[in-house]
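S.K.: One structure is given below, represented as C-alpha cells, and several questions about it will come after.
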Amino acid sequence: MSIPVLTIDGPSGAGKGTVSRAVAKRLGWNYLDSGSIYRSLAIAVLKQAVDLKDEAAIVNVAQTMALEFDCNDELVVRLDGEDITAQLGLESTGNTASIVAVLPEVRHVLLQKQKDFKQSPGLVADGRDMGTVVFPEAENKVFLTASAAERARRRYKQLIEKGNGANLAQITNEIEERDRRDMERKTAPLAMANDALYIDSSDMTLESVIEEVLNLIR
Ligand SMILES: Nc1ncnc2c1ncn2[C@@H]1O[C@H](COP(=O)(O)OP(=O)(O)O)[C@@H](O)[C@H]1O
Ligand SMILES: Nc1ccn([C@@H]2O[C@H](COP(=O)(O)OP(=O)(O)O)[C@@H](O)[C@H]2O)c(=O)n1
C-alpha cells in the first residue's frame, strides 16, 4: 500500500508548523519541516561567510552539508555535528533561507533529502512547495494562510514569548518582503496546488484549524 502524505503549504506565520506537528502527533505520522532544511543551509552559508550572490558556492554548501534531524519531543538539528537548533528559529535565518531558496540548483539538490522523509505509516510535510513539487502525488493537501498583519502579530508574540526582542513594524516588513520573494521566484514558487483545501486562519483558533485538517484526513 502506498504511504499517505498530507502537505501543508503557505506563507510565513500562517501556523503551518504548529498545525503540522499537532496533526502528525495525532495520526502518529512522521513530520517534515522543509523550511528547517532551507534554514540549515542559510546557517551553513552564513557560518562559512559565503557571498549570497555566489550561486556556485551556495550550491556547493548545499551538496556537502551534513544534516541530522532528531525528532523526539523537540526537534534538534545538527549541522556537520554542531547543534544549530537555537539559531534555526531566528527571523534573520528565515530571511536568508528565503534568499538561498530562490536558486533552482539549490532546490534540486535538496529535493531528494525531502522526499526521503516519506516513510511508513505516513507523512505530514510543511513548506511552500510540498503539494506542488515535492509530493505532487499526496492525496491530502492544504494551503494554510492568514492576513499579513495577523501573521506578523503571531510571529511577534512568538518571538517575545521566546525571550527574543522583536519589533512589530520590522517583522511586518520582513514578512511582506519574504512573501514577495517566495511567490515571485521562478522555481517552485509559493502557490496553492489545484487540489488543495484553502484555509484562511486569520479569524480561526489553532484548535479549529487542526480540527479542519484532521477532518480532511478522516
Ligand atoms: N490560528 C491561530 N491562531 C492564533 N495563533 C496561531 C494560529 N496558528 C498559529 N498560531 C501561532 O502563530 C505562531 C506562528 O505559527 P507557526 O506554526 O510557527 O507558523 P509557520 O510554520 O506557518 O511559519 C505560533 O506561535 C503559533 O502558535
Ligand atoms: N518548502 C520550502 C520551505 C521553505 N522554503 C524557504 O525557506 C524559508 C523559511 O521557511 P520556513 O517554513 O522555515 O519559514 P516560516 O514559514 O516558519 O517563517 C521560506 O521563506 C522559503 O523561502 C522554501 O523555499 N520551500
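Following the order of the C-alpha cells, chains are lettered A, B, ..., residues in each are numbered from 1, and ligands are numbered from 1.
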Apply DSSP to the structure's backbone, then extract all residues of region 46-198 of chain A labelled helix (DSSP H, G or I) and return them as a PyMOL selection string.

M.R.: chain A and resi 46-47+55-64+85-88+91-100+104-115+130-134+148-161+168-184

S.K.: Could you list, as a PyMOL selection string, every residue within 12 Å of Ser147 (chain A), counting only C-alpha atoms and ignoring same-chain residues fewer than 4 positions away?

M.R.: chain A and resi 10-15+151-154+172+175-176+179+199-204

S.K.: Out of A:Ala191, A:Ile37, A:Leu123, A:Val142, which residue has the shortest atom-to-atom distance to ligand 2 when counting only C-alpha atoms and all ligand atoms?

M.R.: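 Checking each of A:Ala191, A:Ile37, A:Leu123, A:Val142 against ligand 2, counting only C-alpha atoms and all ligand atoms, the winner is A:Ile37.
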
S.K.: Contacts of region 39-42 of chain A at 7 Å or less, counting only C-alpha atoms, minus same-chain residues fewer than 5 places along, as a PyMOL selection string?

M.R.: chain A and resi 62+88+93-94+96-97+100

S.K.: Find the residues around Val106 (chain A) up to 9 Å (only C-alpha atoms counted), leave out those fewer than 3 positions away in its own chain, and share them as a PDB file with C-alpha atoms, in the first residue's frame.

M.R.:
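And here's around.pdb as it stands now:
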```
ATOM      1  CA  GLU A  55      25.425  30.796  -6.566  1.00  0.00           C
ATOM      2  CA  ILE A  58      25.922  28.150  -2.132  1.00  0.00           C
ATOM      3  CA  VAL A  59      25.117  25.055  -4.205  1.00  0.00           C
ATOM      4  CA  ASN A  60      28.383  23.530  -3.025  1.00  0.00           C
ATOM      5  CA  ALA A  62      24.004  22.500  -0.052  1.00  0.00           C
ATOM      6  CA  GLN A  63      25.724  19.442  -1.557  1.00  0.00           C
ATOM      7  CA  VAL A 100      19.092  30.889  -0.929  1.00  0.00           C
ATOM      8  CA  ALA A 101      15.765  29.125  -1.658  1.00  0.00           C
ATOM      9  CA  VAL A 102      15.357  31.155  -4.844  1.00  0.00           C
ATOM     10  CA  LEU A 103      18.212  29.255  -6.537  1.00  0.00           C
ATOM     11  CA  VAL A 109      20.000  19.382  -4.518  1.00  0.00           C
ATOM     12  CA  LEU A 110      17.617  19.470  -1.535  1.00  0.00           C
ATOM     13  CA  LEU A 111      14.743  17.656  -3.278  1.00  0.00           C
TER      14      LEU A 111
END
```

S.K.: My list of candidates is A:Pro121, A:Pro104, A:Gly127, A:Gly89. Which is closest to ligand 2 when distances are computed with only C-alpha atoms and all ligand atoms?

M.R.: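 Of all the options, A:Gly127 lies closest to ligand 2.
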
S.K.: If we count only C-alpha atoms, what is near Glu74 (chain A) at a cut-off of 12 Å, once residues fewer than 2 positions away on the same chain are taken out, given as a list in words?

M.R.: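 Contacts, with the query itself left out: Arg21, Tyr31, Phe69, Asp70, Cys71, Asn72, Val76, Val77, Thr85 and Ala86 of chain A.
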
S.K.: DSSP says strand (DSSP E) for which residues of region 2-187 of chain A? Put them as JSON, numbers by chain?

M.R.: {"A": [5, 6, 7, 8, 9, 30, 31, 32, 33, 67, 68, 69, 70, 71, 75, 76, 77, 78, 79, 82, 83, 123, 124, 125, 126, 127, 140, 141, 142, 143, 144, 145]}

S.K.: Take the residues just selected and output them with N, CA and C atoms as an mmCIF file, in the first residue's frame.

M.R.:
```cif
data_model
loop_
_atom_site.group_PDB
_atom_site.id
_atom_site.type_symbol
_atom_site.label_atom_id
_atom_site.label_comp_id
_atom_site.auth_asym_id
_atom_site.auth_seq_id
_atom_site.Cartn_x
_atom_site.Cartn_y
_atom_site.Cartn_z
ATOM 1 N N VAL A 5 0.386 10.850 2.414
ATOM 2 C CA VAL A 5 1.076 12.122 2.657
ATOM 3 C C VAL A 5 0.037 13.237 2.753
ATOM 4 N N LEU A 6 0.207 14.096 3.757
ATOM 5 C CA LEU A 6 -0.587 15.315 3.899
ATOM 6 C C LEU A 6 0.382 16.487 3.737
ATOM 7 N N THR A 7 0.122 17.373 2.794
ATOM 8 C CA THR A 7 1.001 18.528 2.616
ATOM 9 C C THR A 7 0.311 19.784 3.149
ATOM 10 N N ILE A 8 1.086 20.635 3.816
ATOM 11 C CA ILE A 8 0.560 21.909 4.326
ATOM 12 C C ILE A 8 1.516 23.018 3.876
ATOM 13 N N ASP A 9 1.080 23.765 2.870
ATOM 14 C CA ASP A 9 1.891 24.857 2.344
ATOM 15 C C ASP A 9 1.263 26.191 2.705
ATOM 16 N N ASN A 30 5.021 10.695 10.533
ATOM 17 C CA ASN A 30 6.276 11.452 10.541
ATOM 18 C C ASN A 30 5.999 12.898 10.143
ATOM 19 N N TYR A 31 6.948 13.763 10.442
ATOM 20 C CA TYR A 31 6.784 15.180 10.149
ATOM 21 C C TYR A 31 8.020 15.720 9.427
ATOM 22 N N LEU A 32 7.797 16.385 8.308
ATOM 23 C CA LEU A 32 8.886 17.070 7.602
ATOM 24 C C LEU A 32 8.676 18.577 7.693
ATOM 25 N N ASP A 33 9.620 19.250 8.340
ATOM 26 C CA ASP A 33 9.648 20.712 8.408
ATOM 27 C C ASP A 33 10.643 21.143 7.324
ATOM 28 N N LEU A 67 23.358 17.050 7.511
ATOM 29 C CA LEU A 67 22.284 17.418 8.430
ATOM 30 C C LEU A 67 21.755 16.200 9.145
ATOM 31 N N GLU A 68 21.535 16.351 10.471
ATOM 32 C CA GLU A 68 20.883 15.275 11.241
ATOM 33 C C GLU A 68 19.683 15.867 11.950
ATOM 34 N N PHE A 69 18.543 15.244 11.796
ATOM 35 C CA PHE A 69 17.328 15.684 12.478
ATOM 36 C C PHE A 69 16.968 14.666 13.542
ATOM 37 N N ASP A 70 16.880 15.112 14.800
ATOM 38 C CA ASP A 70 16.407 14.238 15.878
ATOM 39 C C ASP A 70 15.036 14.730 16.286
ATOM 40 N N CYS A 71 14.008 13.959 15.964
ATOM 41 C CA CYS A 71 12.643 14.392 16.294
ATOM 42 C C CYS A 71 12.120 13.587 17.466
ATOM 43 N N LEU A 75 12.400 19.177 18.187
ATOM 44 C CA LEU A 75 13.301 18.933 17.064
ATOM 45 C C LEU A 75 14.704 19.443 17.410
ATOM 46 N N VAL A 76 15.713 18.592 17.237
ATOM 47 C CA VAL A 76 17.104 19.009 17.396
ATOM 48 C C VAL A 76 17.789 18.805 16.045
ATOM 49 N N VAL A 77 18.447 19.852 15.561
ATOM 50 C CA VAL A 77 19.110 19.745 14.261
ATOM 51 C C VAL A 77 20.607 19.953 14.437
ATOM 52 N N ARG A 78 21.391 19.042 13.843
ATOM 53 C CA ARG A 78 22.847 19.187 13.861
ATOM 54 C C ARG A 78 23.350 19.390 12.437
ATOM 55 N N LEU A 79 24.213 20.390 12.321
ATOM 56 C CA LEU A 79 24.833 20.704 11.032
ATOM 57 C C LEU A 79 26.313 20.385 11.155
ATOM 58 N N GLU A 82 27.350 19.949 14.665
ATOM 59 C CA GLU A 82 27.106 21.019 15.654
ATOM 60 C C GLU A 82 25.602 21.260 15.816
ATOM 61 N N ASP A 83 25.152 21.377 17.067
ATOM 62 C CA ASP A 83 23.736 21.636 17.354
ATOM 63 C C ASP A 83 23.393 23.081 16.955
ATOM 64 N N LEU A 123 3.135 10.695 6.361
ATOM 65 C CA LEU A 123 3.956 11.900 6.492
ATOM 66 C C LEU A 123 3.100 13.161 6.427
ATOM 67 N N VAL A 124 3.381 14.089 7.331
ATOM 68 C CA VAL A 124 2.846 15.449 7.231
ATOM 69 C C VAL A 124 4.025 16.324 6.816
ATOM 70 N N ALA A 125 3.907 17.005 5.670
ATOM 71 C CA ALA A 125 5.017 17.794 5.137
ATOM 72 C C ALA A 125 4.623 19.258 5.062
ATOM 73 N N ASP A 126 5.437 20.122 5.675
ATOM 74 C CA ASP A 126 5.112 21.553 5.776
ATOM 75 C C ASP A 126 6.135 22.388 5.017
ATOM 76 N N GLY A 127 5.654 23.344 4.215
ATOM 77 C CA GLY A 127 6.585 24.203 3.485
ATOM 78 C C GLY A 127 5.909 25.153 2.525
ATOM 79 N N ASN A 140 -3.797 14.302 0.248
ATOM 80 C CA ASN A 140 -4.383 15.356 1.078
ATOM 81 C C ASN A 140 -3.480 16.575 1.081
ATOM 82 N N LYS A 141 -4.037 17.709 0.616
ATOM 83 C CA LYS A 141 -3.232 18.936 0.528
ATOM 84 C C LYS A 141 -3.999 20.103 1.132
ATOM 85 N N VAL A 142 -3.254 20.915 1.871
ATOM 86 C CA VAL A 142 -3.849 22.102 2.485
ATOM 87 C C VAL A 142 -2.999 23.304 2.097
ATOM 88 N N PHE A 143 -3.667 24.419 1.811
ATOM 89 C CA PHE A 143 -2.969 25.695 1.667
ATOM 90 C C PHE A 143 -3.444 26.560 2.823
ATOM 91 N N LEU A 144 -2.530 26.791 3.774
ATOM 92 C CA LEU A 144 -2.891 27.497 5.010
ATOM 93 C C LEU A 144 -2.334 28.915 4.970
ATOM 94 N N THR A 145 -3.227 29.897 5.103
ATOM 95 C CA THR A 145 -2.750 31.271 5.066
ATOM 96 C C THR A 145 -3.457 32.101 6.135
#
```

S.K.: Between A:Ala66, A:Val213, A:Ala56, A:Val19, which has the minimum distance to ligand 2 (counting only C-alpha atoms and all ligand atoms)?

M.R.: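 When distances to ligand 2 are compared using only C-alpha atoms and all ligand atoms, the smallest one comes from A:Val19.
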
S.K.: Using only C-alpha atoms, can you tell me which of A:Arg178, A:Ile217, A:Gln48, A:Glu137 comes closest to Leu190 (chain A)?

M.R.: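 Among the listed residues, A:Arg178 lies closest to Leu190 (chain A).
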